[in-house]
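Visitor: Structure: upload_13.pdb, PDB, C-alpha atoms, pLDDT in the B column.
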ATOM      1  CA  MET F1241    -152.303 172.185 -34.095  1.00 40.00           C
ATOM      2  CA  THR F1242    -152.116 175.443 -32.218  1.00 43.00           C
ATOM      3  CA  GLU F1243    -149.197 177.634 -31.290  1.00 43.00           C
ATOM      4  CA  ILE F1244    -148.923 177.944 -27.525  1.00 45.00           C
ATOM      5  CA  GLY F1245    -146.801 180.384 -25.583  1.00 50.00           C
ATOM      6  CA  ILE F1246    -144.138 181.263 -28.132  1.00 51.00           C
ATOM      7  CA  ILE F1247    -142.230 184.270 -26.849  1.00 55.00           C
ATOM      8  CA  ASP F1248    -139.886 185.029 -29.734  1.00 71.00           C
ATOM      9  CA  GLU F1249    -141.267 185.603 -33.244  1.00 78.00           C
ATOM     10  CA  SER F1250    -137.998 184.269 -34.709  1.00 80.00           C
ATOM     11  CA  LEU F1251    -139.019 180.751 -33.594  1.00 86.00           C
ATOM     12  CA  LYS F1252    -142.217 180.721 -35.676  1.00 91.00           C
ATOM     13  CA  ILE F1253    -140.504 180.493 -39.062  1.00 92.00           C
ATOM     14  CA  ILE F1254    -136.903 179.362 -39.402  1.00 94.00           C
ATOM     15  CA  LYS F1255    -135.430 179.328 -42.873  1.00 94.00           C
ATOM     16  CA  ASN F1256    -132.421 179.420 -45.121  1.00 94.00           C
ATOM     17  CA  ASP F1257    -132.040 179.312 -48.921  1.00 94.00           C
ATOM     18  CA  GLU F1258    -133.096 175.652 -49.113  1.00 96.00           C
ATOM     19  CA  LEU F1259    -135.696 175.011 -46.405  1.00 97.00           C
ATOM     20  CA  LYS F1260    -138.344 176.748 -44.367  1.00 97.00           C
ATOM     21  CA  LEU F1261    -139.607 175.382 -41.049  1.00 96.00           C
ATOM     22  CA  ILE F1262    -143.090 176.588 -40.088  1.00 95.00           C
ATOM     23  CA  LEU F1263    -144.120 176.181 -36.473  1.00 94.00           C
ATOM     24  CA  THR F1264    -147.220 174.014 -35.975  1.00 92.00           C
ATOM     25  CA  LEU F1265    -146.991 173.504 -32.219  1.00 87.00           C
ATOM     26  CA  GLY F1266    -144.892 175.277 -29.635  1.00 84.00           C
ATOM     27  CA  MET F1267    -145.078 174.566 -25.949  1.00 81.00           C
ATOM     28  CA  GLU F1268    -142.927 177.002 -24.042  1.00 77.00           C
ATOM     29  CA  LYS F1269    -143.474 175.328 -20.665  1.00 79.00           C
ATOM     30  CA  THR F1270    -142.244 171.903 -21.823  1.00 82.00           C
ATOM     31  CA  GLN F1271    -139.903 173.349 -24.461  1.00 88.00           C
ATOM     32  CA  ARG F1272    -141.316 171.234 -27.310  1.00 90.00           C
ATOM     33  CA  PHE F1273    -141.539 172.717 -30.784  1.00 94.00           C
ATOM     34  CA  TYR F1274    -142.838 171.029 -33.935  1.00 96.00           C
ATOM     35  CA  TYR F1275    -142.516 172.282 -37.488  1.00 97.00           C
ATOM     36  CA  LYS F1276    -143.614 171.506 -41.028  1.00 98.00           C
ATOM     37  CA  ILE F1277    -140.688 171.385 -43.451  1.00 98.00           C
ATOM     38  CA  HIS F1278    -141.041 173.122 -46.829  1.00 98.00           C
ATOM     39  CA  ASP F1279    -138.456 173.095 -49.620  1.00 98.00           C
ATOM     40  CA  LYS F1280    -137.411 176.140 -51.647  1.00 96.00           C
ATOM     41  CA  ASP F1281    -140.365 175.546 -54.017  1.00 97.00           C
ATOM     42  CA  ASN F1282    -142.698 175.552 -50.978  1.00 97.00           C
ATOM     43  CA  ASN F1283    -143.430 171.807 -51.230  1.00 98.00           C
ATOM     44  CA  TYR F1284    -144.392 170.306 -47.880  1.00 98.00           C
ATOM     45  CA  VAL F1285    -141.651 167.668 -47.573  1.00 98.00           C
ATOM     46  CA  GLY F1286    -141.913 166.467 -43.968  1.00 98.00           C
ATOM     47  CA  ASN F1287    -142.006 167.309 -40.290  1.00 98.00           C
ATOM     48  CA  CYS F1288    -139.474 167.872 -37.555  1.00 98.00           C
ATOM     49  CA  GLY F1289    -139.395 168.750 -33.918  1.00 97.00           C
ATOM     50  CA  ILE F1290    -137.182 169.520 -30.986  1.00 97.00           C
ATOM     51  CA  ARG F1291    -137.634 168.656 -27.300  1.00 94.00           C
ATOM     52  CA  LEU F1292    -135.260 170.521 -25.005  1.00 94.00           C
ATOM     53  CA  LEU F1293    -136.015 169.364 -21.477  1.00 88.00           C
ATOM     54  CA  LYS F1294    -133.486 167.006 -19.949  1.00 87.00           C
ATOM     55  CA  ASN F1295    -135.395 163.972 -18.760  1.00 85.00           C
ATOM     56  CA  SER F1296    -135.336 160.192 -19.074  1.00 83.00           C
ATOM     57  CA  GLU F1297    -137.947 160.233 -21.850  1.00 84.00           C
ATOM     58  CA  ASN F1298    -135.824 162.498 -24.057  1.00 83.00           C
ATOM     59  CA  GLU F1299    -132.757 160.344 -23.416  1.00 86.00           C
ATOM     60  CA  ILE F1300    -134.570 157.597 -25.345  1.00 83.00           C
ATOM     61  CA  LEU F1301    -136.584 159.706 -27.803  1.00 87.00           C
ATOM     62  CA  GLY F1302    -133.754 162.157 -28.402  1.00 89.00           C
ATOM     63  CA  ASN F1303    -134.019 165.918 -28.550  1.00 93.00           C
ATOM     64  CA  ILE F1304    -134.606 166.040 -32.313  1.00 97.00           C
ATOM     65  CA  GLU F1305    -136.993 164.132 -34.516  1.00 95.00           C
ATOM     66  CA  TYR F1306    -137.671 164.271 -38.221  1.00 96.00           C
ATOM     67  CA  GLU F1307    -139.745 162.585 -40.875  1.00 96.00           C
ATOM     68  CA  ILE F1308    -139.192 163.215 -44.562  1.00 97.00           C
ATOM     69  CA  PHE F1309    -141.920 162.033 -46.904  1.00 98.00           C
ATOM     70  CA  GLU F1310    -140.733 159.249 -49.190  1.00 97.00           C
ATOM     71  CA  LYS F1311    -141.101 161.322 -52.372  1.00 97.00           C
ATOM     72  CA  TYR F1312    -138.580 163.863 -51.015  1.00 98.00           C
ATOM     73  CA  ARG F1313    -135.976 161.570 -49.465  1.00 96.00           C
ATOM     74  CA  GLY F1314    -132.405 161.692 -50.721  1.00 95.00           C
ATOM     75  CA  ASN F1315    -132.123 165.500 -50.537  1.00 97.00           C
ATOM     76  CA  ASN F1316    -130.581 165.665 -47.042  1.00 97.00           C
ATOM     77  CA  TYR F1317    -133.661 167.493 -45.763  1.00 98.00           C
ATOM     78  CA  ALA F1318    -133.498 165.785 -42.358  1.00 98.00           C
ATOM     79  CA  GLU F1319    -129.921 166.973 -41.878  1.00 97.00           C
ATOM     80  CA  LYS F1320    -130.721 170.483 -43.095  1.00 97.00           C
ATOM     81  CA  ALA F1321    -133.853 170.737 -40.923  1.00 98.00           C
ATOM     82  CA  SER F1322    -131.896 169.506 -37.890  1.00 97.00           C
ATOM     83  CA  LYS F1323    -129.347 172.257 -38.426  1.00 96.00           C
ATOM     84  CA  LEU F1324    -132.137 174.836 -38.594  1.00 96.00           C
ATOM     85  CA  LEU F1325    -133.599 173.485 -35.350  1.00 96.00           C
ATOM     86  CA  THR F1326    -130.372 174.351 -33.564  1.00 96.00           C
ATOM     87  CA  SER F1327    -131.517 177.982 -33.523  1.00 94.00           C
ATOM     88  CA  VAL F1328    -134.332 176.929 -31.151  1.00 94.00           C
ATOM     89  CA  ALA F1329    -131.913 175.085 -28.875  1.00 95.00           C
ATOM     90  CA  LEU F1330    -129.436 177.949 -28.856  1.00 94.00           C
ATOM     91  CA  TYR F1331    -132.244 180.422 -28.086  1.00 92.00           C
ATOM     92  CA  TYR F1332    -132.809 178.406 -24.893  1.00 91.00           C
ATOM     93  CA  ASN F1333    -129.049 178.184 -24.209  1.00 93.00           C
ATOM     94  CA  VAL F1334    -128.907 174.450 -24.955  1.00 94.00           C
ATOM     95  CA  ASN F1335    -125.539 173.619 -26.524  1.00 95.00           C
ATOM     96  CA  ARG F1336    -125.678 169.822 -26.638  1.00 95.00           C
ATOM     97  CA  LEU F1337    -128.424 167.624 -28.013  1.00 97.00           C
ATOM     98  CA  ILE F1338    -129.089 163.912 -27.793  1.00 95.00           C
ATOM     99  CA  ILE F1339    -130.242 162.315 -31.048  1.00 97.00           C
ATOM    100  CA  THR F1340    -131.348 158.705 -31.196  1.00 95.00           C
ATOM    101  CA  ALA F1341    -132.108 156.323 -34.032  1.00 95.00           C
ATOM    102  CA  ASN F1342    -133.117 152.732 -34.506  1.00 93.00           C
ATOM    103  CA  PRO F1343    -129.858 150.814 -35.107  1.00 95.00           C
ATOM    104  CA  ASN F1344    -131.384 149.353 -38.298  1.00 94.00           C
ATOM    105  CA  ASN F1345    -132.314 152.756 -39.742  1.00 93.00           C
ATOM    106  CA  LEU F1346    -129.173 153.295 -41.789  1.00 95.00           C
ATOM    107  CA  ALA F1347    -130.387 156.578 -43.323  1.00 94.00           C
ATOM    108  CA  SER F1348    -131.071 158.205 -39.935  1.00 95.00           C
ATOM    109  CA  ASN F1349    -127.796 157.001 -38.457  1.00 97.00           C
ATOM    110  CA  LYS F1350    -125.946 158.420 -41.482  1.00 97.00           C
ATOM    111  CA  THR F1351    -127.815 161.729 -41.150  1.00 97.00           C
ATOM    112  CA  ILE F1352    -126.891 161.965 -37.482  1.00 97.00           C
ATOM    113  CA  ARG F1353    -123.212 161.227 -38.174  1.00 97.00           C
ATOM    114  CA  ASN F1354    -123.223 163.822 -40.988  1.00 97.00           C
ATOM    115  CA  LEU F1355    -124.355 166.406 -38.437  1.00 96.00           C
ATOM    116  CA  GLY F1356    -121.142 165.738 -36.544  1.00 96.00           C
ATOM    117  CA  ALA F1357    -122.848 163.967 -33.653  1.00 97.00           C
ATOM    118  CA  ARG F1358    -120.716 161.498 -31.697  1.00 97.00           C
ATOM    119  CA  PHE F1359    -121.948 157.960 -31.090  1.00 97.00           C
ATOM    120  CA  ILE F1360    -122.287 157.285 -27.357  1.00 97.00           C
ATOM    121  CA  GLU F1361    -123.970 153.909 -26.892  1.00 96.00           C
ATOM    122  CA  VAL F1362    -126.729 151.492 -27.800  1.00 95.00           C
ATOM    123  CA  LYS F1363    -129.449 151.822 -25.183  1.00 92.00           C
ATOM    124  CA  LYS F1364    -132.312 149.433 -24.442  1.00 90.00           C
ATOM    125  CA  VAL F1365    -135.728 151.071 -24.759  1.00 82.00           C
ATOM    126  CA  PRO F1366    -137.739 150.736 -21.528  1.00 79.00           C
ATOM    127  CA  LYS F1367    -141.012 148.825 -21.828  1.00 83.00           C
ATOM    128  CA  ASN F1368    -142.964 151.886 -20.684  1.00 80.00           C
ATOM    129  CA  SER F1369    -141.558 154.079 -23.497  1.00 72.00           C
ATOM    130  CA  VAL F1370    -143.722 155.095 -26.449  1.00 75.00           C
ATOM    131  CA  LEU F1371    -140.920 153.732 -28.663  1.00 73.00           C
ATOM    132  CA  TYR F1372    -140.958 150.223 -27.216  1.00 68.00           C
ATOM    133  CA  LYS F1373    -143.464 148.778 -29.714  1.00 72.00           C
ATOM    134  CA  SER F1374    -141.303 149.780 -32.681  1.00 79.00           C
ATOM    135  CA  ASN F1375    -137.796 149.845 -31.169  1.00 77.00           C
ATOM    136  CA  LYS F1376    -136.199 147.654 -28.543  1.00 86.00           C
ATOM    137  CA  GLU F1377    -132.899 149.538 -28.783  1.00 91.00           C
ATOM    138  CA  VAL F1378    -131.695 152.931 -29.966  1.00 92.00           C
ATOM    139  CA  ASN F1379    -128.327 154.276 -30.977  1.00 96.00           C
ATOM    140  CA  VAL F1380    -127.598 157.329 -28.839  1.00 96.00           C
ATOM    141  CA  TYR F1381    -125.558 160.234 -30.212  1.00 97.00           C
ATOM    142  CA  ASN F1382    -124.348 163.454 -28.581  1.00 96.00           C
ATOM    143  CA  TRP F1383    -124.353 166.543 -30.818  1.00 97.00           C
ATOM    144  CA  ASN F1384    -122.402 169.585 -29.688  1.00 96.00           C
ATOM    145  CA  ILE F1385    -124.175 172.426 -31.483  1.00 95.00           C
ATOM    146  CA  GLU F1386    -122.047 175.235 -30.045  1.00 83.00           C
ATOM    147  CA  LYS F1387    -120.300 175.469 -33.430  1.00 66.00           C
ATOM    148  CA  GLU F1388    -123.687 176.169 -35.108  1.00 55.00           C
ATOM    149  CA  ARG F1389    -123.752 179.661 -33.528  1.00 52.00           C
TER     150      ARG F1389
END
In C-alpha cells, write the structure found in this file.
Guide:
Amino acid sequence: MTEIGIIDESLKIIKNDELKLILTLGMEKTQRFYYKIHDKDNNYVGNCGIRLLKNSENEILGNIEYEIFEKYRGNNYAEKASKLLTSVALYYNVNRLIITANPNNLASNKTIRNLGARFIEVKKVPKNSVLYKSNKEVNVYNWNIEKER
C-alpha cells in the first residue's frame, strides 16, 4: 500500500509505551487511514483503520476498524489501538466516532464498551453494503472522544 496525501508527519507513526501504529495507507481526500499495529517488542500484531467522513456507509461500517491476529488476542490491543487512532480524529476536529460490531462478536462489543462508547441501537445492514454477506445486523455505538485530548 502507498501513502497518499498525508499532510501532518505526526499521523504517519502514532505510538505510546505499548503499541506503535505505522501508516500503510492514508487518503486525505476521503479521510481514510490504515495502520499496521506493532507491540512494544515490534511484533506485527494486527491492523486498524479509521474512516472520518460522515456518510451512510460509515454508519454501518463504523469509523474505526481493527483486526488482531489470533496469536496476540487477549492483550487489549484493539482497545489500545483505537485509543491511539483518536489522535487522527482529533487532528481533523472529529470529536465523536461511530463504532459498530456484529452482535455475536462478544470480544469486539466488550472492547467497544471498554472504550466508553455508548450503545445506540441494533441496525440492519443494507443488502448493498460490503458487510451484508457476513453481517445482517450491527450493534452501533457512539464514542465521545473529546476526553481523549
Visitor: If we draw a sphere of 7 Å around (-127.4, 162.9, -37.7), which residues have at least one atom in it when counting all atoms listed in the file? Please report them as a CSV table (one decimal) with C-alpha atoms, in the coordinates of the input.
Guide:
chain,number,residue,atom,x,y,z
F,1319,GLU,CA,-129.9,167.0,-41.9
F,1348,SER,CA,-131.1,158.2,-39.9
F,1349,ASN,CA,-127.8,157.0,-38.5
F,1350,LYS,CA,-125.9,158.4,-41.5
F,1351,THR,CA,-127.8,161.7,-41.2
F,1352,ILE,CA,-126.9,162.0,-37.5
F,1353,ARG,CA,-123.2,161.2,-38.2
F,1354,ASN,CA,-123.2,163.8,-41.0
F,1355,LEU,CA,-124.4,166.4,-38.4
F,1356,GLY,CA,-121.1,165.7,-36.5
F,1357,ALA,CA,-122.8,164.0,-33.7
Visitor: Given only C-alpha atoms as the basis, pick out the residue of F:Ile1360, F:Ile1308, F:Ile1300, F:Leu1293 nearest to Asp1279 in chain F.
Guide: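 Checking each candidate against Asp1279 in chain F, we get F:Ile1308 as the closest.
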Visitor: As a PyMOL selection string, please: the residues near Glu1386 in chain F (cut-off 12 Å, all atoms listed in the file, same-chain neighbours under 6 positions excluded).
Guide: chain F and resi 1323+1326-1327+1329-1331+1333-1337+1356-1357
Visitor: Generate a file of the selected residues that holds C-alpha atoms, formatted as an mmCIF file, in the coordinates of the input.
Guide:
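Done, and the output landed in out_30.cif:
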data_model
loop_
_atom_site.group_PDB
_atom_site.id
_atom_site.type_symbol
_atom_site.label_atom_id
_atom_site.label_comp_id
_atom_site.auth_asym_id
_atom_site.auth_seq_id
_atom_site.Cartn_x
_atom_site.Cartn_y
_atom_site.Cartn_z
ATOM 1 C CA LYS F 1323 -129.347 172.257 -38.426
ATOM 2 C CA THR F 1326 -130.372 174.351 -33.564
ATOM 3 C CA SER F 1327 -131.517 177.982 -33.523
ATOM 4 C CA ALA F 1329 -131.913 175.085 -28.875
ATOM 5 C CA LEU F 1330 -129.436 177.949 -28.856
ATOM 6 C CA TYR F 1331 -132.244 180.422 -28.086
ATOM 7 C CA ASN F 1333 -129.049 178.184 -24.209
ATOM 8 C CA VAL F 1334 -128.907 174.450 -24.955
ATOM 9 C CA ASN F 1335 -125.539 173.619 -26.524
ATOM 10 C CA ARG F 1336 -125.678 169.822 -26.638
ATOM 11 C CA LEU F 1337 -128.424 167.624 -28.013
ATOM 12 C CA GLY F 1356 -121.142 165.738 -36.544
ATOM 13 C CA ALA F 1357 -122.848 163.967 -33.653
#
Visitor: Hey, which of F:Leu1371, F:Lys1280, F:Asn1295, F:Leu1325 ends up closest to Lys1252 in chain F? Count all atoms listed in the file.
Guide: F:Leu1325
Visitor: Determine the nearest neighbour of Trp1383 in chain F from the options F:Thr1270, F:Asn1344, F:Asn1303, F:Asn1282, counting only C-alpha atoms.
Guide: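 Under the stated criterion, the closest residue is F:Asn1303.
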Visitor: Suppose a student applies the PyMOL selection byres ((chain F and resi 1272-1274) around 6) to this structure; what residues should they get, written as a list in words?
Guide: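 Here the PyMOL selection byres ((chain F and resi 1272-1274) around 6) matches Leu1263, Thr1264, Leu1265, Gly1266, Met1267, Thr1270, Gln1271, Tyr1275, Cys1288, Gly1289, Ile1290 and Arg1291 of chain F.
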Visitor: Quote the spacing between CA of Glu1377 in chain F and CA of Leu1261 in chain F in Å to one decimal place.
Guide: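 Atom-to-atom, CA of Glu1377 in chain F to CA of Leu1261 in chain F, that is 29.4 Å.
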Visitor: Find, counting all atoms listed in the file, the residue in F:Ile1262, F:Ser1369, F:Val1328, F:Ile1338 that gets nearest to Glu1305 in chain F.
Guide: F:Ile1338
Visitor: Name all residues at most 12 Å from range 1362-1366 of chain F (count all atoms listed in the file; drop same-chain ones fewer than 2 positions away) and give them as an mmCIF file with C-alpha atoms, in the coordinates of the input.
Guide:
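Here's the written file around_28.cif:
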data_model
loop_
_atom_site.group_PDB
_atom_site.id
_atom_site.type_symbol
_atom_site.label_atom_id
_atom_site.label_comp_id
_atom_site.auth_asym_id
_atom_site.auth_seq_id
_atom_site.Cartn_x
_atom_site.Cartn_y
_atom_site.Cartn_z
ATOM 1 C CA SER F 1296 -135.336 160.192 -19.074
ATOM 2 C CA GLU F 1297 -137.947 160.233 -21.850
ATOM 3 C CA ASN F 1298 -135.824 162.498 -24.057
ATOM 4 C CA GLU F 1299 -132.757 160.344 -23.416
ATOM 5 C CA ILE F 1300 -134.570 157.597 -25.345
ATOM 6 C CA LEU F 1301 -136.584 159.706 -27.803
ATOM 7 C CA GLY F 1302 -133.754 162.157 -28.402
ATOM 8 C CA ILE F 1339 -130.242 162.315 -31.048
ATOM 9 C CA THR F 1340 -131.348 158.705 -31.196
ATOM 10 C CA ALA F 1341 -132.108 156.323 -34.032
ATOM 11 C CA ASN F 1342 -133.117 152.732 -34.506
ATOM 12 C CA PRO F 1343 -129.858 150.814 -35.107
ATOM 13 C CA ASN F 1344 -131.384 149.353 -38.298
ATOM 14 C CA PHE F 1359 -121.948 157.960 -31.090
ATOM 15 C CA ILE F 1360 -122.287 157.285 -27.357
ATOM 16 C CA ASN F 1368 -142.964 151.886 -20.684
ATOM 17 C CA SER F 1369 -141.558 154.079 -23.497
ATOM 18 C CA VAL F 1370 -143.722 155.095 -26.449
ATOM 19 C CA LEU F 1371 -140.920 153.732 -28.663
ATOM 20 C CA TYR F 1372 -140.958 150.223 -27.216
ATOM 21 C CA LYS F 1373 -143.464 148.778 -29.714
ATOM 22 C CA SER F 1374 -141.303 149.780 -32.681
ATOM 23 C CA ASN F 1375 -137.796 149.845 -31.169
ATOM 24 C CA LYS F 1376 -136.199 147.654 -28.543
ATOM 25 C CA GLU F 1377 -132.899 149.538 -28.783
ATOM 26 C CA VAL F 1378 -131.695 152.931 -29.966
ATOM 27 C CA ASN F 1379 -128.327 154.276 -30.977
ATOM 28 C CA VAL F 1380 -127.598 157.329 -28.839
ATOM 29 C CA TYR F 1381 -125.558 160.234 -30.212
#
Visitor: Please write out, as lines of an AutoDock Vina configuration file, where the centre of an axis-aligned box around all listed atoms of range 1328-1337 of chain F lies and how long its edges are, in Å to one decimal, after adding 4 Å on each side.
Guide:
center_x = -129.9
center_y = 174.0
center_z = -27.7
size_x = 16.8
size_y = 20.8
size_z = 14.9
Visitor: What is the CA of Phe1309 in chain F-CA of His1278 in chain F distance in Å, reported with one decimal?
Guide: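 Interatomic distance, CA of Phe1309 in chain F to CA of His1278 in chain F: 11.1 Å.
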Visitor: For a test of reading the model, state the distance in Å between CA of Asp1248 in chain F and CA of Tyr1306 in chain F, rounded to one decimal.
Guide: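 Here the two named atoms are 22.5 Å from each other.
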Visitor: Nearest residue to Asn1256 in chain F out of F:Arg1358, F:Leu1346, F:Lys1294, F:Lys1320, using all atoms listed in the file?
Guide: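 Of F:Arg1358, F:Leu1346, F:Lys1294, F:Lys1320, the one nearest Asn1256 in chain F, counting all atoms listed in the file, is F:Lys1320.
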Visitor: Taking all atoms listed in the file into account, name the residue in F:Leu1324, F:Glu1361, F:Lys1269, F:Asn1382 that is nearest to Leu1251 in chain F.
Guide: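 Using all atoms listed in the file, Leu1251 in chain F sits closest to F:Leu1324.
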Visitor: Mind listing whatever residues come within 7 Å of the point (-143.1, 167.8, -51.7)? Use all atoms listed in the file, file coordinates, and give them as a PyMOL selection string.
Guide: chain F and resi 1283-1285+1311-1312
